[in-house]
Each structure stands twice: as C-alpha cells, then as structure tokens.
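Asker: Structure below; questions to follow.
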Amino acid sequence: MSEQPYPDYVQKMLEEAEHLLTDEDDPDPCGAAALCFDMLALFPDHQGAQKFIRRAYRDGNLIRDNRRALSRLIDEWDDRPWQQHRRLALSFGYVSRWEDKYQEDLEGFEDEGEGPEDVKTYLHMGHLQLLEDYLGGQAKGAESAWQIFQEAIRLSEDPHATMFWIGKEYTHQGYFAESVDVLEELLRKYQDDQSARRLWVEVRWWRDHQNQIPWIPPAGDGSRFRRMMMETDPDGLAASESPESVLNQYRPPKPEDLPPSMKPEYVPSDLEEKMDALLSDTNDHSTDSLVDWSYLNAIERREIDVSKFPRWAREFLDDIDDPEQRKFTEEMLLEQFSNKSLYDDAYFEEDNEDDGGGVLDEYLNDTDDE
C-alpha cells in the first residue's frame, strides 16, 4: 500500500536530509535525523521519515563516536538493567537536536529548569526519586516518582507547563514510555503546543526503537557484569553488592516534600503492575545490528581469535611483550573491529594492505586520555 501524497515541501525536506547525511566534506547524520523528526511532527505516520532516521543512526562514524562516549561512562559489558536506562538517556542527549530548535519556545515557561513555582518542590522530589532508579537501580524510586508527578499535575495551577516539564524529565532520564504517556496527555489538552509535539514524535520513535539503537549493547540482567567483575575485581563486586553500599539503599521521599494527599507508606495496590507494564521491554533487540556484540562473549571467556585480525594488527600484537598490555590491546582491537559498519568482511582478508593507522590512532588517543 503506497503512502498518502504529501506536500512538495516534504519531499524537499527529505532531499535536504539526504544531502546532510551524504555530504562528503561534513556529513551530519544527527541533523538529517532532526529534519525527519520535523517531518514527523507534521505527519506522524510518514514511513519514509521513520526509515530515514534509522538509516541516519546507522552511520558508521556516529556508531563509533557514541560507543566511545558511552564507554567512558559505562563499560559495554555492564549489563545491569538500570545502566541501559543511562545509555538510552545519554544517547538521546548526544544525538537529539530538539532543544536547539525549540530553545526560544522553552523560554516562555516560567523558570523552566525547576518547573512551575507552585509545584516545584514536588517536581524536585520526583526528580530525586527517579534518580534512585536511574543511578542505582532502585525501582521503588521510579514507582514513587510516577505517583508524585501525577499528583503534581493534578495540583498545579499550570498543568500545561507541569506536564511539559515532566515529559522532558522522563526523556532526559531515558524513560521514554513514561514520557510519551505524559506528552500524549498534554497534547490531548493543548493541541497547539508545537514544541511538545516535536518532542513527542522524537521520544515516541526512541520508545519504539530503543532496542535497535546500533551503538547500545543488548539489554541484560546483570549476569555478565557479575562474571566480569568476579574475574577482574572481586572486591569491587562484593562492595557493589553489599547492603552497606549507598547505591543499594533506597532513600524514600521526605514526607514534608510530598503533595498533601500522599503519605510515605501509601502505594496504590495497582501501581507496581502499571509501572511494570511501562518499564517492560516488548521489542527484541535488532538481529541486523551493525555492531557484532558477540565480541563481549569473546572477551568474557578469553576466547579472542587473533588469527582473524588483519595482518597489521597481528604484527602489532607480536611486538607487545607485556602480557597485560597485550591482553588489553587485543580487547581494544576486538571492540573496534566489532563495528561492522566500518570494518566489513573484506577488511579482514589476508592480503589487506591497510596499515591500521586509523584504529591505532584511536587506541593511542584513548590511552593518552586515561
């Protein structure tokens, strides 16, 4: 079934996105994706724009740069579920151009950073509760935040600004399903809010494709993290799992900072079920990933087959005498080569004459930064 006819300017926007993505001198995949999100704000069901965004985010250099940026904060083998929220939140921040485009609109909200004056105490407490889950995996924090935010919307004299603030807060923390729920309620009541609509289409795309972001490893249950830590830092693992660790201690909201109708011990009986439905992953991770995430298994099991590396890499490794340095370098190279969008099968053929300068430059730059 063919798509409905769209105005001529929509085709021109697609052409501009194509130019931004394929510009040989200065490609801009994030700018190209932003144009497509602009199209979706006007025509939410435009299939061509949705597909183009996936194509833009599959740019090999973008994948490499975002993997590197995320890895400076979270090891790719850290598969604890709450770390996946952080990866999604950070990734959205890296590539989104929404706030650049709508910064003037944001200035219309009073003290937008803290939210409306009459409920800013409640919003701040909801923010702190959300951080309990975002930074430490305390799911009670996310459950409490949802309840506090809903009550803040009910009590606020400016529910429009309150919902917008909450939608942004959930977006910034990587809770895309919750953000979409809040923004859709906002748009039902305030249909002319173009900045909220633009944010909604982008967050909705991320909600629907969060398991297909090519630079984010597959979601896990924390078992890989435990195995890797057991091998490399058993004391650190014991400390991270200790009940005495601050990350393992849930800090409930202060009673004086809660809306008057809420009591600290009160949690609706169906709240946990609702939150589970919002937080559950229903999409499988993409099977056509541009990153070969099986490299994590090879590193964990110490089954790195350097015979499959290109010749220059094998010769480089042969010159390393220190066992620990060689191990580190093998893992670094395997991580780099896992980006299939930059290194295809032909790259690893025996007669490859590439001296590996690009990969070595990245390696040396990373070690210098450390």
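In the structure tokens, the first chain shown is A, the next is B, and so on; residue numbers restart at 1 for each chain, and ligands run from 1 in the order shown.
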Could you go through range 81-263 of chain A and tell me which residues DSSP, when run on the backbone, assigns to helix (DSSP H, G or I), listing them as a PyMOL selection string?

Answerer: chain A and resi 81-95+98-101+103-106+117-136+139-155+159-172+176-189+194-209+223-232+234-241+246-248+255-257

Asker: Neighbours of range 295-308 of chain A within 12 Å (only C-alpha atoms; same-chain residues fewer than 4 positions away dropped), as a PyMOL selection string?

Answerer: chain A and resi 75-79+217-218+223-232+291+312-318+326-340+345-350

Asker: Since we have the selection now, will you write its residues out, keeping C-alpha atoms, as a short mmCIF file (atom, residue, chain, number, x, y, z; two decimals), in the first residue's frame?

Answerer:
```cif
data_model
loop_
_atom_site.label_atom_id
_atom_site.label_comp_id
_atom_site.auth_asym_id
_atom_site.auth_seq_id
_atom_site.Cartn_x
_atom_site.Cartn_y
_atom_site.Cartn_z
CA ASP A 75 31.55 -0.49 30.28
CA GLU A 76 29.86 -2.24 27.37
CA TRP A 77 29.87 -5.47 29.38
CA ASP A 78 27.94 -3.82 32.22
CA ASP A 79 24.51 -5.33 31.51
CA PRO A 217 24.60 -3.32 23.55
CA PRO A 218 21.70 -5.73 24.10
CA SER A 223 24.86 -11.63 34.99
CA ARG A 224 27.64 -10.63 32.59
CA PHE A 225 28.60 -7.76 34.88
CA ARG A 226 28.89 -10.14 37.83
CA ARG A 227 31.04 -12.63 35.90
CA MET A 228 33.39 -9.94 34.58
CA MET A 229 33.72 -8.31 37.99
CA MET A 230 34.29 -11.67 39.64
CA GLU A 231 37.27 -12.19 37.37
CA THR A 232 38.73 -8.67 37.33
CA VAL A 291 27.79 -3.96 15.89
CA TRP A 312 48.84 -5.31 10.53
CA ALA A 313 47.01 -5.97 13.83
CA ARG A 314 48.65 -9.36 14.33
CA GLU A 315 52.08 -7.86 13.66
CA PHE A 316 51.36 -5.03 16.07
CA LEU A 317 50.39 -7.52 18.79
CA ASP A 318 53.53 -9.59 18.18
CA ARG A 326 48.75 -7.41 25.03
CA LYS A 327 45.51 -8.59 26.64
CA PHE A 328 44.24 -5.02 26.87
CA THR A 329 45.22 -4.31 23.26
CA GLU A 330 43.53 -7.49 21.97
CA GLU A 331 40.31 -6.45 23.68
CA MET A 332 40.59 -2.90 22.37
CA LEU A 333 41.10 -4.11 18.80
CA LEU A 334 38.25 -6.60 19.03
CA GLU A 335 35.95 -3.86 20.30
CA GLN A 336 36.95 -1.62 17.38
CA PHE A 337 36.52 -4.38 14.78
CA SER A 338 33.06 -5.23 16.12
CA ASN A 339 31.75 -2.10 14.38
CA LYS A 340 30.72 -3.84 11.15
CA ASP A 345 34.49 -8.85 5.86
CA ALA A 346 36.75 -7.66 3.06
CA TYR A 347 38.79 -5.65 5.56
CA PHE A 348 39.98 -8.84 7.24
CA GLU A 349 41.15 -10.63 4.12
CA GLU A 350 44.72 -11.88 4.25
#
```

Asker: Between CA of Gln83 in chain A and CA of Pro234 in chain A, what is the distance, to one decimal in Å?

Answerer: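 Value for the CA of Gln83 in chain A-CA of Pro234 in chain A distance: 19.8 Å.
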
Asker: Which one is closest to Val201 in chain A: A:Pro159, A:Pro310, A:Pro44, A:Gly167? Count only C-alpha atoms.

Answerer: A:Pro44

Asker: For His160 in chain A, find every residue with an atom within 9 Å (counting only C-alpha atoms), except residues of its own chain fewer than 4 positions away, and show them as an mmCIF file with C-alpha atoms, in the first residue's frame.

Answerer:
```
data_model
loop_
_atom_site.group_PDB
_atom_site.id
_atom_site.type_symbol
_atom_site.label_atom_id
_atom_site.label_comp_id
_atom_site.auth_asym_id
_atom_site.auth_seq_id
_atom_site.Cartn_x
_atom_site.Cartn_y
_atom_site.Cartn_z
ATOM 1 C CA ILE A 153 -0.068 17.644 37.598
ATOM 2 C CA SER A 156 -0.640 22.588 39.685
ATOM 3 C CA PHE A 164 5.823 19.549 29.748
ATOM 4 C CA TRP A 165 8.455 19.619 32.494
ATOM 5 C CA LEU A 186 -0.553 17.124 27.296
ATOM 6 C CA LYS A 189 -5.459 19.113 26.174
ATOM 7 C CA TYR A 190 -3.130 21.570 24.423
#
```

Asker: Let me make sure I understand: among A:Tyr57, A:Phe309, A:Tyr94, A:Tyr250, which one has the smallest atom-to-atom distance to Leu130 in chain A if we use only C-alpha atoms?

Answerer: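 Looking only at the distances to Leu130 in chain A, the closest residue turns out to be A:Tyr250.
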